[in-house]
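Notes to accompany the following structure.
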Amino acid sequence: MFIAHLPAGYLITQLYLKRQCFSFAEQHRAWLVGVGLFASVLPDVDLLYFYWFDQRQHNHHSYWTHTPVFWLAIFLLPCVVVWITKQKLLLTTIVVLLMNVMLHLLLDSIAAEILWLYPVVKQSFGLVEVPAQFAWWPLNFLLHWSFMLEVLIVGTALYQLKRQYSLKYQTVNIQS
Ligand SMILES: [Zn+2]
């Protein structure tokens, strides 16, 4: 996935915060959206290793940073501890982090393969295989039908962003 991770992260975080039973102050909502955006691209930090150290020897989707069990192991225990201590901002921060990382892996598994059941099953799973038709590899993805899904996600996020800002602008006008 090329362009839709951040917009998808924005959408799922906004949706989650809207459905939350907790209410947060404006600056805490902004923090949580920021955390969501950060986590929506976090697994791709492995591209630095892929280009600088691994010399593009292995597909970066096979690294531990693209393996669900790694993120579950990191976030699940803190999530339970914070849930017991009932710190709502910290709990929501961890849930938003985990949710966005998992969404990243889910979206990646449309046109790439992810080790969803590792270490139980060492086979990776993906929805479609993008055929390598062009020498410049990004073109294979940009001209594949799955890229339309990315365009749809970006469009939905832009619409949602515009809607939210016009609502906020109306509220400010009513208050002043
Ligand atoms: Zn990725």
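Here, A, B, ... name the chains of the structure tokens in the order displayed, residue numbers run from 1 inside each chain, and ligands are numbered from 1 in the same displayed order.
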
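Around range 88-91 of chain A, within 9 Å and counting only C-alpha atoms, the residues found are Phe22, Phe24, His28, Leu32, Pro78, Cys79, Val80, Val81, Val82, Trp83, Val95 and Val96 of chain A, once anything fewer than 4 positions away on its own chain is removed.
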
Pick out the residues no farther than 10 Å from ligand 1, counting only C-alpha atoms and all ligand atoms, and list them as a ChimeraX atom specification. /A:1-2,5,40-47,60-61,65-66,101,103-109,112,114

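Restricting the calculation to only C-alpha atoms, the smallest distance between Ile74 in chain A and any of A:Val120, A:Leu127, A:Asp54, A:Leu98 is found for A:Leu98.
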
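As for CA of Tyr63 in chain A and CA of Ala135 in chain A, they are spaced 24.5 Å apart.
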
For Lys18 in chain A, the closest of A:Phe147, A:Leu142, A:Ser62, A:Gln164 counting only C-alpha atoms is A:Gln164

Identify, on the basis of only C-alpha atoms, every residue whose closest approach to Leu11 in chain A does not exceed 10 Å; exclude the query and any residue fewer than 6 positions from it along the same chain; express the result as a list in words. His5, Val33, Gly36, Leu37, Ile153, Val154, Thr156, Ala157, Leu158, Gln160 and Leu161 of chain A

Surrounding residues of Lys122 in chain A excluding itself and chain neighbours under 3 positions, 12 Å, only C-alpha atoms, as a ChimeraX atom specification: /A:62,67,69,113-119,125

Residues just named, written with N, CA, C and O atoms as a short mmCIF file (atom, residue, chain, number, x, y, z; two decimals), in the first residue's frame:
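Dumped everything to out.cif:
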data_model
loop_
_atom_site.label_atom_id
_atom_site.label_comp_id
_atom_site.auth_asym_id
_atom_site.auth_seq_id
_atom_site.Cartn_x
_atom_site.Cartn_y
_atom_site.Cartn_z
N SER A 62 8.24 -9.32 5.32
CA SER A 62 8.59 -10.53 6.07
C SER A 62 9.38 -10.21 7.35
O SER A 62 9.70 -11.09 8.13
N THR A 67 4.99 -8.25 11.38
CA THR A 67 4.45 -9.51 11.90
C THR A 67 3.50 -9.20 13.07
O THR A 67 3.94 -8.63 14.08
N VAL A 69 2.17 -10.81 15.55
CA VAL A 69 2.48 -11.31 16.90
C VAL A 69 3.47 -10.40 17.63
O VAL A 69 3.41 -10.25 18.85
N GLU A 113 2.04 -10.03 1.26
CA GLU A 113 1.77 -11.18 2.13
C GLU A 113 2.30 -10.91 3.53
O GLU A 113 3.42 -10.42 3.69
N ILE A 114 1.46 -11.23 4.52
CA ILE A 114 1.78 -10.97 5.93
C ILE A 114 1.71 -12.29 6.70
O ILE A 114 0.84 -13.11 6.46
N LEU A 115 2.61 -12.43 7.66
CA LEU A 115 2.67 -13.65 8.48
C LEU A 115 1.64 -13.58 9.60
O LEU A 115 1.98 -13.47 10.79
N TRP A 116 0.36 -13.64 9.23
CA TRP A 116 -0.71 -13.43 10.21
C TRP A 116 -0.71 -14.45 11.34
O TRP A 116 -1.03 -14.12 12.47
N LEU A 117 -0.40 -15.69 11.05
CA LEU A 117 -0.51 -16.74 12.08
C LEU A 117 0.84 -17.15 12.65
O LEU A 117 0.93 -18.14 13.37
N TYR A 118 1.90 -16.40 12.34
CA TYR A 118 3.22 -16.71 12.88
C TYR A 118 3.19 -16.55 14.41
O TYR A 118 2.55 -15.62 14.89
N PRO A 119 3.79 -17.38 15.24
CA PRO A 119 4.68 -18.50 14.91
C PRO A 119 3.97 -19.85 14.76
O PRO A 119 4.63 -20.85 14.53
N PHE A 125 0.06 -14.66 4.33
CA PHE A 125 -1.23 -14.58 3.65
C PHE A 125 -1.44 -13.20 3.02
O PHE A 125 -1.13 -12.18 3.64
#

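Coordinates place CA of Ala4 in chain A at a distance of 5.1 Å from CA of Glu150 in chain A.
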